[in-house]
Each structure stands twice: as structure tokens, then as C-alpha cells.
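Participant: Coordinates in final10.pdb, PDB, C-alpha atoms, are listed below.
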ATOM      1  CA  MET A   1     137.051 121.749  82.827
ATOM      2  CA  GLU A   2     138.508 124.911  81.339
ATOM      3  CA  LYS A   3     140.441 122.840  78.795
ATOM      4  CA  MET A   4     137.373 120.750  77.907
ATOM      5  CA  ALA A   5     135.178 123.853  77.669
ATOM      6  CA  ASP A   6     137.761 125.520  75.433
ATOM      7  CA  TYR A   7     137.831 122.475  73.153
ATOM      8  CA  ASN A   8     134.033 122.366  72.857
ATOM      9  CA  ASP A   9     133.881 126.101  72.164
ATOM     10  CA  LYS A  10     136.397 125.738  69.326
ATOM     11  CA  ASN A  11     134.883 122.537  67.914
ATOM     12  CA  PRO A  12     131.102 123.001  67.806
ATOM     13  CA  ASP A  13     130.698 120.085  65.374
ATOM     14  CA  ARG A  14     132.836 117.707  67.424
ATOM     15  CA  LYS A  15     131.734 118.403  70.967
ATOM     16  CA  PHE A  16     131.965 115.608  73.493
ATOM     17  CA  THR A  17     129.944 114.955  76.628
ATOM     18  CA  TRP A  18     130.891 113.332  79.902
ATOM     19  CA  ALA A  19     129.421 112.047  83.138
ATOM     20  CA  GLY A  20     131.101 111.584  86.486
ATOM     21  CA  TYR A  21     131.131 112.184  90.210
ATOM     22  CA  TYR A  22     130.808 115.751  91.411
ATOM     23  CA  VAL A  23     131.173 117.390  94.821
ATOM     24  CA  PHE A  24     128.851 120.079  96.118
ATOM     25  CA  ARG A  25     130.612 122.687  98.233
ATOM     26  CA  ASN A  26     129.470 125.847  99.935
ATOM     27  CA  VAL A  27     128.950 128.735  97.535
ATOM     28  CA  THR A  28     131.898 131.007  96.718
ATOM     29  CA  THR A  29     132.445 133.861  94.287
ATOM     30  CA  ARG A  30     133.567 131.273  91.699
ATOM     31  CA  SER A  31     130.597 128.915  92.015
ATOM     32  CA  GLU A  32     128.526 130.410  89.199
ATOM     33  CA  TYR A  33     131.547 130.474  86.880
ATOM     34  CA  GLU A  34     132.294 126.845  87.746
ATOM     35  CA  TRP A  35     128.764 125.814  86.740
ATOM     36  CA  GLU A  36     129.187 127.603  83.426
ATOM     37  CA  LEU A  37     132.368 125.581  82.907
ATOM     38  CA  VAL A  38     130.548 122.370  83.784
ATOM     39  CA  LYS A  39     127.997 123.122  81.066
ATOM     40  CA  ARG A  40     130.502 124.235  78.415
ATOM     41  CA  SER A  41     132.769 121.250  79.128
ATOM     42  CA  GLY A  42     129.962 118.895  78.087
ATOM     43  CA  ALA A  43     128.678 117.476  81.391
ATOM     44  CA  SER A  44     125.485 115.477  80.949
ATOM     45  CA  ILE A  45     124.946 113.855  84.360
ATOM     46  CA  LEU A  46     126.695 114.359  87.685
ATOM     47  CA  MET A  47     126.608 111.863  90.556
ATOM     48  CA  VAL A  48     126.664 113.739  93.858
ATOM     49  CA  GLY A  49     127.044 112.303  97.337
ATOM     50  CA  ILE A  50     124.422 114.352  99.141
ATOM     51  CA  GLU A  51     124.433 111.586 101.817
ATOM     52  CA  ASN A  52     121.510 113.142 103.697
ATOM     53  CA  PHE A  53     119.258 116.173 103.289
ATOM     54  CA  ASN A  54     119.519 116.877 107.034
ATOM     55  CA  GLU A  55     122.348 119.305 107.588
ATOM     56  CA  ASP A  56     123.316 117.979 111.035
ATOM     57  CA  ILE A  57     123.715 114.432 109.721
ATOM     58  CA  ARG A  58     125.569 115.585 106.615
ATOM     59  CA  TYR A  59     128.057 117.578 108.692
ATOM     60  CA  HIS A  60     128.630 114.600 110.999
ATOM     61  CA  ILE A  61     129.371 112.448 107.948
ATOM     62  CA  GLY A  62     131.918 115.037 106.814
ATOM     63  CA  LYS A  63     130.014 116.615 103.922
ATOM     64  CA  LYS A  64     130.104 120.173 105.229
ATOM     65  CA  PHE A  65     127.932 122.099 102.812
ATOM     66  CA  SER A  66     124.692 123.808 103.756
ATOM     67  CA  ASN A  67     121.161 123.165 102.559
ATOM     68  CA  GLU A  68     121.313 126.641 100.997
ATOM     69  CA  ALA A  69     124.295 125.425  98.971
ATOM     70  CA  ILE A  70     122.283 122.419  97.766
ATOM     71  CA  ASP A  71     119.557 124.793  96.557
ATOM     72  CA  PHE A  72     122.153 126.895  94.712
ATOM     73  CA  HIS A  73     123.640 123.886  92.931
ATOM     74  CA  LEU A  74     120.238 122.474  92.025
ATOM     75  CA  GLU A  75     119.186 125.824  90.578
ATOM     76  CA  HIS A  76     122.266 125.968  88.367
ATOM     77  CA  ALA A  77     121.951 122.354  87.265
ATOM     78  CA  LEU A  78     118.373 123.158  86.220
ATOM     79  CA  LYS A  79     119.492 126.344  84.483
ATOM     80  CA  HIS A  80     122.083 124.432  82.431
ATOM     81  CA  ASN A  81     119.934 121.305  81.957
ATOM     82  CA  ILE A  82     122.413 118.967  83.643
ATOM     83  CA  ARG A  83     121.012 115.838  85.271
ATOM     84  CA  LEU A  84     121.953 115.005  88.859
ATOM     85  CA  ASN A  85     122.090 111.590  90.493
ATOM     86  CA  LEU A  86     121.824 112.282  94.226
ATOM     87  CA  LEU A  87     123.312 109.516  96.387
ATOM     88  CA  ASN A  88     121.922 109.153  99.908
ATOM     89  CA  ILE A  89     122.455 107.126 103.075
ATOM     90  CA  VAL A  90     119.374 106.270 105.137
ATOM     91  CA  GLY A  91     119.664 105.537 108.856
ATOM     92  CA  TRP A  92     122.780 107.366 110.031
ATOM     93  CA  THR A  93     123.895 106.462 113.544
ATOM     94  CA  PHE A  94     121.725 109.106 115.247
ATOM     95  CA  GLU A  95     118.989 109.424 112.627
ATOM     96  CA  GLU A  96     115.436 109.482 113.970
ATOM     97  CA  GLN A  97     111.928 109.745 112.573
ATOM     98  CA  HIS A  98     112.016 113.552 112.566
ATOM     99  CA  HIS A  99     114.992 113.417 110.191
ATOM    100  CA  ILE A 100     113.001 111.233 107.794
ATOM    101  CA  ASP A 101     110.040 113.614 108.066
ATOM    102  CA  PHE A 102     112.338 116.520 107.163
ATOM    103  CA  ILE A 103     113.578 114.670 104.057
ATOM    104  CA  LYS A 104     109.989 114.084 102.933
ATOM    105  CA  SER A 105     109.245 117.778 103.469
ATOM    106  CA  TRP A 106     112.381 118.703 101.488
ATOM    107  CA  LEU A 107     111.225 116.518  98.603
ATOM    108  CA  ASP A 108     107.786 118.148  98.751
ATOM    109  CA  THR A 109     109.225 121.647  98.386
ATOM    110  CA  HIS A 110     111.778 120.866  95.659
ATOM    111  CA  THR A 111     109.637 119.186  93.003
ATOM    112  CA  LYS A 112     110.639 121.892  90.491
ATOM    113  CA  TYR A 113     113.871 119.896  90.115
ATOM    114  CA  LYS A 114     112.291 116.461  89.645
ATOM    115  CA  ASP A 115     112.883 116.424  85.879
ATOM    116  CA  ILE A 116     116.661 116.710  86.291
ATOM    117  CA  VAL A 117     117.083 114.770  89.542
ATOM    118  CA  GLU A 118     117.524 111.039  90.037
ATOM    119  CA  ILE A 119     117.682 109.783  93.630
ATOM    120  CA  GLN A 120     119.378 106.722  95.086
ATOM    121  CA  TRP A 121     118.373 105.867  98.665
ATOM    122  CA  GLY A 122     120.570 102.794  99.084
ATOM    123  CA  ALA A 123     119.597 100.017 101.493
ATOM    124  CA  GLY A 124     120.310 101.766 104.774
ATOM    125  CA  LEU A 125     123.609 102.407 106.497
ATOM    126  CA  GLY A 126     126.080  99.528 106.575
ATOM    127  CA  ILE A 127     128.912  99.305 109.114
ATOM    128  CA  PHE A 128     131.899  97.790 107.313
ATOM    129  CA  PRO A 129     135.109  96.475 108.927
ATOM    130  CA  HIS A 130     137.996  98.916 109.468
ATOM    131  CA  THR A 131     135.915 102.012 108.667
ATOM    132  CA  PHE A 132     135.520 105.021 110.957
ATOM    133  CA  LEU A 133     132.114 103.797 112.122
ATOM    134  CA  ASP A 134     133.477 100.344 112.873
ATOM    135  CA  LYS A 135     136.435 101.696 114.842
ATOM    136  CA  ASN A 136     134.211 104.056 116.858
ATOM    137  CA  LYS A 137     131.254 101.745 117.515
ATOM    138  CA  ASP A 138     131.258 102.156 121.284
ATOM    139  CA  GLU A 139     131.475 105.949 121.192
ATOM    140  CA  LEU A 140     128.707 106.148 118.569
ATOM    141  CA  GLY A 141     126.426 103.706 120.377
ATOM    142  CA  ILE A 142     126.533 101.026 117.679
ATOM    143  CA  LYS A 143     125.953  97.379 118.526
ATOM    144  CA  MET A 144     126.630  94.790 115.831
ATOM    145  CA  ILE A 145     124.333  91.762 115.619
ATOM    146  CA  ALA A 146     123.943  88.710 113.360
ATOM    147  CA  ASN A 147     127.622  87.753 113.078
ATOM    148  CA  GLN A 148     128.885  91.241 112.283
ATOM    149  CA  LYS A 149     127.001  91.556 108.983
ATOM    150  CA  PRO A 150     127.311  95.198 107.781
ATOM    151  CA  PHE A 151     123.581  95.986 107.731
ATOM    152  CA  GLU A 152     122.796  94.133 110.953
ATOM    153  CA  TRP A 153     123.369  96.703 113.688
ATOM    154  CA  VAL A 154     121.322  98.633 116.204
ATOM    155  CA  SER A 155     121.776 101.934 117.958
ATOM    156  CA  THR A 156     121.990 101.525 121.709
ATOM    157  CA  ASN A 157     120.793 105.103 122.212
ATOM    158  CA  LEU A 158     117.924 105.316 119.700
ATOM    159  CA  GLN A 159     115.300 103.130 118.098
ATOM    160  CA  ASN A 160     117.428 102.777 114.981
ATOM    161  CA  THR A 161     117.287  99.126 113.898
ATOM    162  CA  PRO A 162     117.641  97.194 110.631
ATOM    163  CA  LYS A 163     113.877  96.968 110.321
ATOM    164  CA  THR A 164     113.421 100.682 111.015
ATOM    165  CA  ARG A 165     116.048 101.623 108.425
ATOM    166  CA  ALA A 166     114.479  99.341 105.827
ATOM    167  CA  LYS A 167     111.072 100.890 106.557
ATOM    168  CA  TRP A 168     112.478 104.419 106.259
ATOM    169  CA  THR A 169     114.194 103.551 102.969
ATOM    170  CA  ARG A 170     111.021 102.101 101.493
ATOM    171  CA  GLU A 171     108.998 105.124 102.649
ATOM    172  CA  LEU A 172     111.445 107.548 101.032
ATOM    173  CA  MET A 173     111.505 105.578  97.794
ATOM    174  CA  GLU A 174     107.713 105.515  97.604
ATOM    175  CA  HIS A 175     107.364 109.184  98.584
ATOM    176  CA  SER A 176     109.910 110.217  95.942
ATOM    177  CA  ARG A 177     108.138 108.253  93.228
ATOM    178  CA  ASP A 178     104.731 109.614  94.238
ATOM    179  CA  LEU A 179     106.099 113.140  93.764
ATOM    180  CA  GLY A 180     107.467 112.314  90.305
ATOM    181  CA  TYR A 181     111.177 111.984  91.065
ATOM    182  CA  THR A 182     113.160 109.295  89.279
ATOM    183  CA  VAL A 183     114.314 106.733  91.855
ATOM    184  CA  VAL A 184     117.269 104.595  90.814
ATOM    185  CA  ASP A 185     116.733 101.007  91.872
ATOM    186  CA  ASN A 186     119.456  98.644  92.967
ATOM    187  CA  LEU A 187     118.445  94.978  93.010
ATOM    188  CA  ASP A 188     120.868  94.163  95.821
ATOM    189  CA  ASN A 189     119.452  96.983  97.916
ATOM    190  CA  HIS A 190     115.900  95.812  97.321
ATOM    191  CA  PHE A 191     116.883  92.305  98.361
ATOM    192  CA  ILE A 192     118.333  93.577 101.628
ATOM    193  CA  ILE A 193     115.334  95.803 102.383
ATOM    194  CA  GLU A 194     112.761  93.106 101.699
ATOM    195  CA  LYS A 195     114.748  90.507 103.642
ATOM    196  CA  VAL A 196     114.877  92.730 106.709
ATOM    197  CA  LEU A 197     111.226  93.772 106.516
ATOM    198  CA  ASN A 198     110.126  90.150 106.226
ATOM    199  CA  GLU A 199     112.419  88.945 109.010
ATOM    200  CA  GLU A 200     110.497  86.784 111.467
ATOM    201  CA  ASN A 201     113.044  87.059 114.265
ATOM    202  CA  THR A 202     112.052  90.246 116.064
ATOM    203  CA  ASP A 203     114.537  90.023 118.927
ATOM    204  CA  TYR A 204     116.427  93.060 117.662
ATOM    205  CA  TYR A 205     113.819  94.586 115.376
TER     206      TYR A 205
END
Is it possible to give me this structure as C-alpha cells?
Facilitator:
Amino acid sequence: MEKMADYNDKNPDRKFTWAGYYVFRNVTTRSEYEWELVKRSGASILMVGIENFNEDIRYHIGKKFSNEAIDFHLEHALKHNIRLNLLNIVGWTFEEQHHIDFIKSWLDTHTKYKDIVEIQWGAGLGIFPHTFLDKNKDELGIKMIANQKPFEWVSTNLQNTPKTRAKWTRELMEHSRDLGYTVVDNLDNHFIIEKVLNEENTDYY
């Protein structure tokens, strides 16, 4: 980014812009300087794997940055007018209704960022072959159903089912839109959500 920022500084009439994936980390003494570099280097939109606004879930996933760090990065993105596409997973293995309620509350209190934030909620957590979740199903209390399809699983310890996850996803999408956030739609995700919510077989749901 230093090289790109240096180029843009020296070539004001030939500046370039870029978009790409970006990682939020806990705040250090260099964090503010790094955001200045992001701006000067020409960043226009950054896609960030927030994964979940609940800190306990995010840490379990492996994204070990605090909610205070999220606030810091959002503030600097707003300051430098850089758009953020926040990628989320709904229905982590131990997610419950109170986690969803916290996310809604977070959205309520962060509307000052809605003009620079786009949100993707996905279609709920999928368990794919050979991943960590797949290899640790028993320990995590995951039971696959419907011929091992990635989105067809239930938690043996909680009321976390395909239908519940689809409901949570739809609620978060609608709540985000009602507050004025831009919600990025994915046709495949919508198909999965609607299919699950309209499922007549309620044996597992």
C-alpha cells in the first residue's frame, strides 16, 4: 500500500483505485497510519469477513478481533469515505436467539455507518466435506440430515435447525433494510432460504 500511495501522491492526474478483501485486526499503534495508507493507495471498497457481530462466535470461528476494533475500523472507513462490504455467517454451531437479538441491537446503534456499509448475510452456515466443522461434528454437536447436504444440519445441543437459520437470516436482512443499510442479495442464497422456510417436512425443523 505504501508503494501504491506513493504512486498516487506523485501522479494526481493518473490516480488509480482498487477494491479487494481486507482483514480487520485488533487496534495497534500503526492502525491509524494503515488506514491513511488505504485511502492514499486508492481503495474504494473493502470486503471484510466480519463473520458475526457477536464476539464469542467470532473468536470461535478464528476471527479474533474485538467489537471495539470493529468500531475503530468503521470510524476510519467513514472518515476516509471507503465503502465496506461486511460478510457474515448466520447460525454458527452454538448460535441462539440472543445472539441474533444482539446483532439487531448492534445494527440499531451503528446506523451512522449505513451510507458506507453493505451487508451480506449469506444463507446460513453450511457444513462442507473435509472442513474443520465436518471433521469435528461429534464434538460440536452437529448432526447432518438430508443426505449430507451442506445446509441440512441440526445442532444436537440447541434449537439450531435449517428452518431456524433461514428465519434468522431473513429477519436480519429485513431489519438491516428497514434501518437503511444496503443488503447485498445473492440469488442462490435466497433460493436456499425460501426452500427451507417453505419445507413441508417438519421432522427436523
Participant: Hey, which of A:Lys79, A:His98, A:Lys137, A:Arg25 ends up closest to Lys63 in chain A? Count all atoms listed in the file.
Facilitator: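 Once distances to Lys63 in chain A are computed over all atoms listed in the file, the minimum belongs to A:Arg25.
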Participant: Counting only C-alpha atoms, which residues in range 100-165 of chain A sit no more than 9 Å from range 52-56 of chain A? For each one, give the nearest pair of atoms and the distance in Å, sorted by chain then residue number, as JSON lines.
Facilitator:
{"residue": "A:Ile100", "atom": "CA", "partner": "A:Asn54", "partner_atom": "CA", "distance": 8.7}
{"residue": "A:Phe102", "atom": "CA", "partner": "A:Asn54", "partner_atom": "CA", "distance": 7.2}
{"residue": "A:Ile103", "atom": "CA", "partner": "A:Phe53", "partner_atom": "CA", "distance": 5.9}
{"residue": "A:Trp106", "atom": "CA", "partner": "A:Phe53", "partner_atom": "CA", "distance": 7.5}
Participant: Measure the distance from CA of Gly122 in chain A to CA of Arg170 in chain A in Å and round it to one decimal.
Facilitator: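 Taking CA of Gly122 in chain A as the start and CA of Arg170 in chain A as the end point, the length is 9.9 Å.
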Participant: Go through the shown structure with the PyMOL selection byres ((chain A and resi 35-39) around 12) and write out the matching residues as a count of residues only.
Facilitator: 45
Participant: Which neighbours of Asn88 in chain A fall inside 12 Å, counting only C-alpha atoms, when residues of the same chain fewer than 2 positions from it are skipped, and could you give them as an NGL selection string?
Facilitator: :A and (47-54 or 57-58 or 61 or 63 or 85-86 or 90-92 or 103 or 118-125 or 169 or 172-173 or 183-184)
Participant: So how many Å separate CA of Asp108 in chain A and CA of Leu84 in chain A, to one decimal?
Facilitator: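 Taking CA of Asp108 in chain A as the start and CA of Leu84 in chain A as the end point, the length is 17.6 Å.
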Participant: Report the distance between CA of Glu68 in chain A and CA of Tyr113 in chain A in Å, rounded to one decimal place.
Facilitator: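 About the pair CA of Glu68 in chain A and CA of Tyr113 in chain A: they are 14.8 Å apart.
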Participant: Using the chain letters and numbers from this file, what does the PyMOL selection byres ((chain A and resi 93) around 8) select? Give the answer as a count of residues only.
Facilitator: 9
